[in-house]
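Raw contents of protein-v1.cif, mmCIF, C-alpha atoms:
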```
data_final
#
loop_
_atom_site.label_atom_id
_atom_site.label_comp_id
_atom_site.auth_asym_id
_atom_site.auth_seq_id
_atom_site.Cartn_x
_atom_site.Cartn_y
_atom_site.Cartn_z
CA MET A 458 42.82 -115.59 -102.41
CA VAL A 459 46.43 -114.90 -101.50
CA SER A 460 47.37 -111.95 -99.38
CA ALA A 461 50.21 -110.94 -97.13
CA VAL A 462 50.51 -109.28 -93.78
CA VAL A 463 52.62 -106.19 -94.35
CA VAL A 464 53.55 -103.61 -91.76
CA SER A 465 55.04 -100.21 -92.21
CA ILE A 466 58.06 -98.99 -90.34
CA LEU A 467 57.85 -95.50 -88.99
CA PRO A 468 60.97 -93.67 -87.92
CA SER A 469 61.23 -92.42 -84.35
CA VAL A 470 59.08 -89.32 -84.17
CA PRO A 471 59.05 -86.82 -81.30
CA ALA A 472 55.91 -87.08 -79.16
CA SER A 473 54.95 -83.53 -80.16
CA ALA A 474 54.95 -84.34 -83.88
CA ASN A 475 51.57 -84.65 -85.57
CA THR A 476 52.67 -86.81 -88.49
CA ALA A 477 54.88 -89.75 -89.23
CA GLN A 478 56.33 -90.81 -92.55
CA LEU A 479 56.37 -94.30 -93.96
CA THR A 480 59.95 -95.40 -94.62
CA THR A 481 59.75 -99.12 -95.46
CA LEU A 482 57.28 -101.98 -95.86
CA LYS A 483 58.13 -105.39 -94.38
CA ARG A 484 56.39 -108.62 -95.31
CA LEU A 485 55.67 -110.66 -92.19
CA SER A 486 53.81 -113.56 -93.76
CA GLY A 487 54.11 -115.76 -96.77
CA LYS A 488 54.18 -119.46 -97.47
CA SER A 489 52.17 -121.48 -94.97
CA PRO A 490 54.10 -123.10 -92.11
CA PHE A 491 51.35 -125.73 -91.69
CA HIS A 492 51.42 -129.15 -93.34
CA GLY A 493 49.25 -132.18 -92.69
CA CYS A 494 47.23 -130.92 -89.74
CA GLY A 495 44.31 -133.22 -90.58
CA VAL A 496 41.77 -130.41 -90.70
CA PRO A 497 38.96 -131.10 -93.19
CA GLY A 498 37.86 -128.41 -95.61
CA ASP A 499 39.30 -126.26 -98.35
CA GLU A 500 41.71 -123.80 -96.81
CA GLN A 501 43.37 -121.18 -98.97
CA ARG A 502 47.02 -122.16 -98.53
CA SER A 503 49.40 -119.30 -97.75
CA SER A 504 46.57 -116.78 -97.31
CA GLU A 505 46.29 -114.33 -94.44
CA ALA A 506 43.39 -112.38 -92.98
CA GLU A 507 42.48 -110.00 -90.16
CA PRO A 508 45.92 -108.60 -89.28
CA TYR A 509 46.27 -106.73 -85.99
CA LEU A 510 49.21 -104.71 -84.63
CA ALA A 511 49.93 -103.65 -81.03
CA VAL A 512 52.60 -101.28 -79.72
CA ASP A 513 54.13 -101.67 -76.26
CA PRO A 514 53.05 -98.61 -74.23
CA ARG A 515 56.41 -98.62 -72.40
CA ASN A 516 58.54 -98.86 -75.54
CA PRO A 517 57.10 -97.87 -78.94
CA ARG A 518 59.90 -99.76 -80.71
CA ARG A 519 58.40 -103.06 -79.46
CA LEU A 520 55.70 -104.15 -81.89
CA VAL A 521 53.62 -107.32 -82.02
CA ALA A 522 51.40 -108.40 -84.94
CA THR A 523 48.94 -111.27 -85.33
CA TRP A 524 46.84 -112.64 -88.21
CA GLN A 525 44.87 -115.65 -89.44
CA GLN A 526 47.00 -118.06 -91.49
CA ASP A 527 45.45 -120.24 -94.22
CA ARG A 528 41.88 -118.95 -94.14
CA PHE A 529 38.93 -121.19 -95.08
CA VAL A 530 36.43 -119.76 -97.57
CA GLU A 531 33.56 -121.92 -96.38
CA ASP A 532 32.61 -121.71 -92.68
CA GLY A 533 35.46 -119.23 -92.00
CA GLY A 534 38.36 -119.41 -89.62
CA ALA A 535 41.90 -120.44 -90.47
CA LEU A 536 44.29 -123.28 -89.72
CA SER A 537 45.67 -121.10 -86.93
CA ASN A 538 46.71 -117.58 -86.02
CA LEU A 539 50.36 -116.55 -86.09
CA VAL A 540 52.24 -113.85 -84.19
CA ALA A 541 55.31 -111.81 -85.16
CA SER A 542 57.25 -109.51 -82.86
CA SER A 543 59.83 -106.79 -83.35
CA ARG A 544 62.13 -105.14 -80.83
CA ASP A 545 63.58 -102.57 -83.23
CA GLY A 546 60.58 -100.61 -84.47
CA GLY A 547 59.74 -103.09 -87.23
CA ARG A 548 63.10 -103.44 -88.98
CA THR A 549 63.32 -107.14 -88.08
CA TRP A 550 60.59 -109.60 -87.08
CA ARG A 551 60.35 -113.03 -85.49
CA THR A 552 57.27 -115.17 -86.22
CA VAL A 553 55.94 -117.80 -83.81
CA ARG A 554 53.02 -120.21 -83.58
CA LEU A 555 50.56 -120.08 -80.70
CA PRO A 556 50.79 -123.44 -78.89
CA GLY A 557 47.49 -125.22 -78.30
CA LEU A 558 45.41 -122.71 -80.26
CA SER A 559 44.20 -124.99 -83.04
CA ARG A 560 44.72 -128.54 -84.25
CA CYS A 561 47.77 -127.34 -86.26
CA THR A 562 49.43 -126.22 -83.02
CA ARG A 563 48.27 -129.19 -80.89
CA GLY A 564 44.99 -127.67 -79.77
CA ARG A 565 41.57 -129.30 -79.62
CA ASP A 566 39.68 -127.22 -82.18
CA GLU A 567 40.16 -127.36 -85.94
CA ARG A 568 40.25 -123.64 -86.69
CA ALA A 569 41.17 -120.27 -85.22
CA SER A 570 39.70 -116.87 -86.01
CA ASP A 571 39.42 -113.23 -84.95
CA PRO A 572 42.96 -112.60 -83.64
CA TRP A 573 43.40 -109.70 -81.21
CA LEU A 574 46.40 -108.33 -79.29
CA SER A 575 46.91 -106.22 -76.20
CA ILE A 576 50.07 -105.30 -74.35
CA GLY A 577 49.68 -104.67 -70.65
CA PRO A 578 51.40 -101.95 -68.62
CA ASP A 579 54.04 -104.46 -67.49
CA GLY A 580 54.85 -105.46 -71.13
CA THR A 581 52.94 -108.76 -71.05
CA VAL A 582 51.46 -109.54 -74.49
CA TYR A 583 48.00 -111.11 -74.66
CA GLN A 584 46.70 -112.70 -77.86
CA ALA A 585 43.01 -113.58 -77.89
CA ALA A 586 41.31 -115.70 -80.55
CA LEU A 587 38.12 -117.58 -81.21
CA THR A 588 38.48 -121.30 -81.96
CA PHE A 589 35.98 -123.82 -83.27
CA THR A 590 35.45 -127.14 -84.99
CA VAL A 591 33.12 -127.35 -87.97
CA VAL A 592 30.07 -129.53 -87.31
CA PRO A 593 28.84 -130.79 -90.72
CA THR A 594 25.23 -131.19 -89.56
CA LEU A 595 25.02 -127.45 -88.86
CA ILE A 596 25.51 -126.67 -92.60
CA GLY A 597 27.04 -123.23 -92.98
CA LEU A 598 27.54 -122.65 -89.25
CA ALA A 599 30.87 -122.94 -87.48
CA GLY A 600 29.78 -124.93 -84.44
CA PRO A 601 30.49 -124.14 -80.78
CA THR A 602 33.07 -121.38 -80.39
CA ALA A 603 35.62 -120.92 -77.60
CA LEU A 604 37.64 -117.86 -76.63
CA ARG A 605 41.30 -118.68 -76.02
CA VAL A 606 43.98 -116.35 -74.68
CA SER A 607 47.72 -116.85 -74.98
CA ARG A 608 50.25 -114.90 -72.91
CA SER A 609 53.83 -113.84 -73.61
CA ARG A 610 56.10 -112.40 -70.96
CA ASP A 611 59.00 -111.88 -73.40
CA GLY A 612 57.49 -109.38 -75.81
CA GLY A 613 55.84 -111.91 -78.13
CA ARG A 614 58.82 -114.23 -78.64
CA THR A 615 57.13 -117.20 -76.92
CA PHE A 616 53.57 -117.85 -75.76
CA SER A 617 51.80 -120.06 -73.23
#
```
This entry written out as structure tokens:
Amino acid sequence: MVSAVVVSILPSVPASANTAQLTTLKRLSGKSPFHGCGVPGDEQRSSEAEPYLAVDPRNPRRLVATWQQDRFVEDGGALSNLVASSRDGGRTWRTVRLPGLSRCTRGRDERASDPWLSIGPDGTVYQAALTFTVVPTLIGLAGPTALRVSRSRDGGRTFS
């Protein structure tokens, strides 16, 4: 399974308008940035799943997207979640890794899943994700799951 995270770019539309028109599609994802993370299992290299997009309530031209990168067919999850941000309404994007989220980004757990974004009233971006390590004796179950939250105070350019 190979897929791509694609977002549409909508032109600036007056607040009173009821419709927006799609002008361009931009591919945010592609070839996997992860190599040799030491995570067992059969991940689908360069696959993406569960994309999510948030718009800054203070500035609708600031967009942040997140998705699972390199999804596992068995037991679910992915090598990690990635984030991309745009300051120009989606014309250009910058992709970053979430530090400490999964083993591929120097975290404790093997896999990440269920990415979610929110942008607070002060512009702080929050990315939430579930993380877990597969426990072979549980056969077909993911093992204990943790909820991890990353924060960005620069519109999704860097996270802690």
Take the PyMOL selection byres ((chain A and resi 575) around 10), run it mentally on this structure, and tell me the resulting residues as number ranges by chain.
A: 509-514, 521, 573-574, 576-578, 580-585, 608
Using all atoms listed in the file, can you tell me which of A:Phe529, A:Thr594, A:Leu482, A:Phe616 comes closest to Arg554 (chain A)?
A:Phe616
For a quick check of understanding, using all atoms listed in the file, which of A:Asn538, A:Thr480, A:Ser486, A:Ser503 has the smallest distance to Arg551 (chain A)?
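When distances to Arg551 (chain A) are compared using all atoms listed in the file, the smallest one comes from A:Ser486.
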With distances taken over only C-alpha atoms, which of A:Arg565, A:Lys483, A:Arg605, A:Arg614 is nearest to Thr549 (chain A)?
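Result for the nearest residue to Thr549 (chain A): A:Lys483.
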Of the candidates A:Gly498, A:Gly557, A:Gly564, A:Gly546, which one gets nearest to Arg528 (chain A) if we count all atoms listed in the file?
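With all atoms listed in the file as the atom set, the closest residue is A:Gly498.
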Take the point (46.7, -130.5, -83.8) in the file's coordinates, draw a sphere of radius 12 Å around it, and report as a list in words every protein, DNA or RNA residue with an atom inside or on it, counting all atoms listed in the file.
Phe491, His492, Gly493, Cys494, Gly495, Val496, Leu536, Ser537, Leu555, Pro556, Gly557, Leu558, Ser559, Arg560, Cys561, Thr562, Arg563, Gly564, Arg565, Asp566, Glu567, Arg568, Ala569 and Thr590 of chain A
Expressed in Å to a single decimal, how great is the separation between CA of Ala541 (chain A) and CA of Gly612 (chain A)?
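Calculated distance between CA of Ala541 (chain A) and CA of Gly612 (chain A) is 9.9 Å.
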Any chance you could work out the residue set of the PyMOL selection byres ((chain A and resi 488) around 10) here, as a PyMOL selection string?
chain A and resi 459+461+486-487+489-491+502-505+526-527
How would the residues just picked look written out with C-alpha atoms as a PDB file, keeping the file's coordinate frame?
```
ATOM      1  CA  VAL A 459      46.430-114.900-101.500  1.00  0.00           C
ATOM      2  CA  ALA A 461      50.210-110.940 -97.130  1.00  0.00           C
ATOM      3  CA  SER A 486      53.810-113.560 -93.760  1.00  0.00           C
ATOM      4  CA  GLY A 487      54.110-115.760 -96.770  1.00  0.00           C
ATOM      5  CA  SER A 489      52.170-121.480 -94.970  1.00  0.00           C
ATOM      6  CA  PRO A 490      54.100-123.100 -92.110  1.00  0.00           C
ATOM      7  CA  PHE A 491      51.350-125.730 -91.690  1.00  0.00           C
ATOM      8  CA  ARG A 502      47.020-122.160 -98.530  1.00  0.00           C
ATOM      9  CA  SER A 503      49.400-119.300 -97.750  1.00  0.00           C
ATOM     10  CA  SER A 504      46.570-116.780 -97.310  1.00  0.00           C
ATOM     11  CA  GLU A 505      46.290-114.330 -94.440  1.00  0.00           C
ATOM     12  CA  GLN A 526      47.000-118.060 -91.490  1.00  0.00           C
ATOM     13  CA  ASP A 527      45.450-120.240 -94.220  1.00  0.00           C
TER      14      ASP A 527
END
```
So which one's closest to Gly533 (chain A), A:Ser570, A:Thr615, A:Asn516, A:Thr602? Using all atoms listed in the file, please.
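Smallest separation from Gly533 (chain A) among the options: A:Ser570.
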Separation of CA of Leu520 (chain A) and CA of Ser542 (chain A), in Å?
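Between CA of Leu520 (chain A) and CA of Ser542 (chain A) the gap works out to 5.7 Å.
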Determine the nearest neighbour of Pro497 (chain A) from the options A:Leu604, A:Glu531, A:Arg544, A:Ala586, counting all atoms listed in the file.
A:Glu531
Just give me the gap between CA of Leu587 (chain A) and CA of Glu507 (chain A) in Å, one decimal is fine.
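Rounded to one decimal, the two atoms are 12.5 Å apart.
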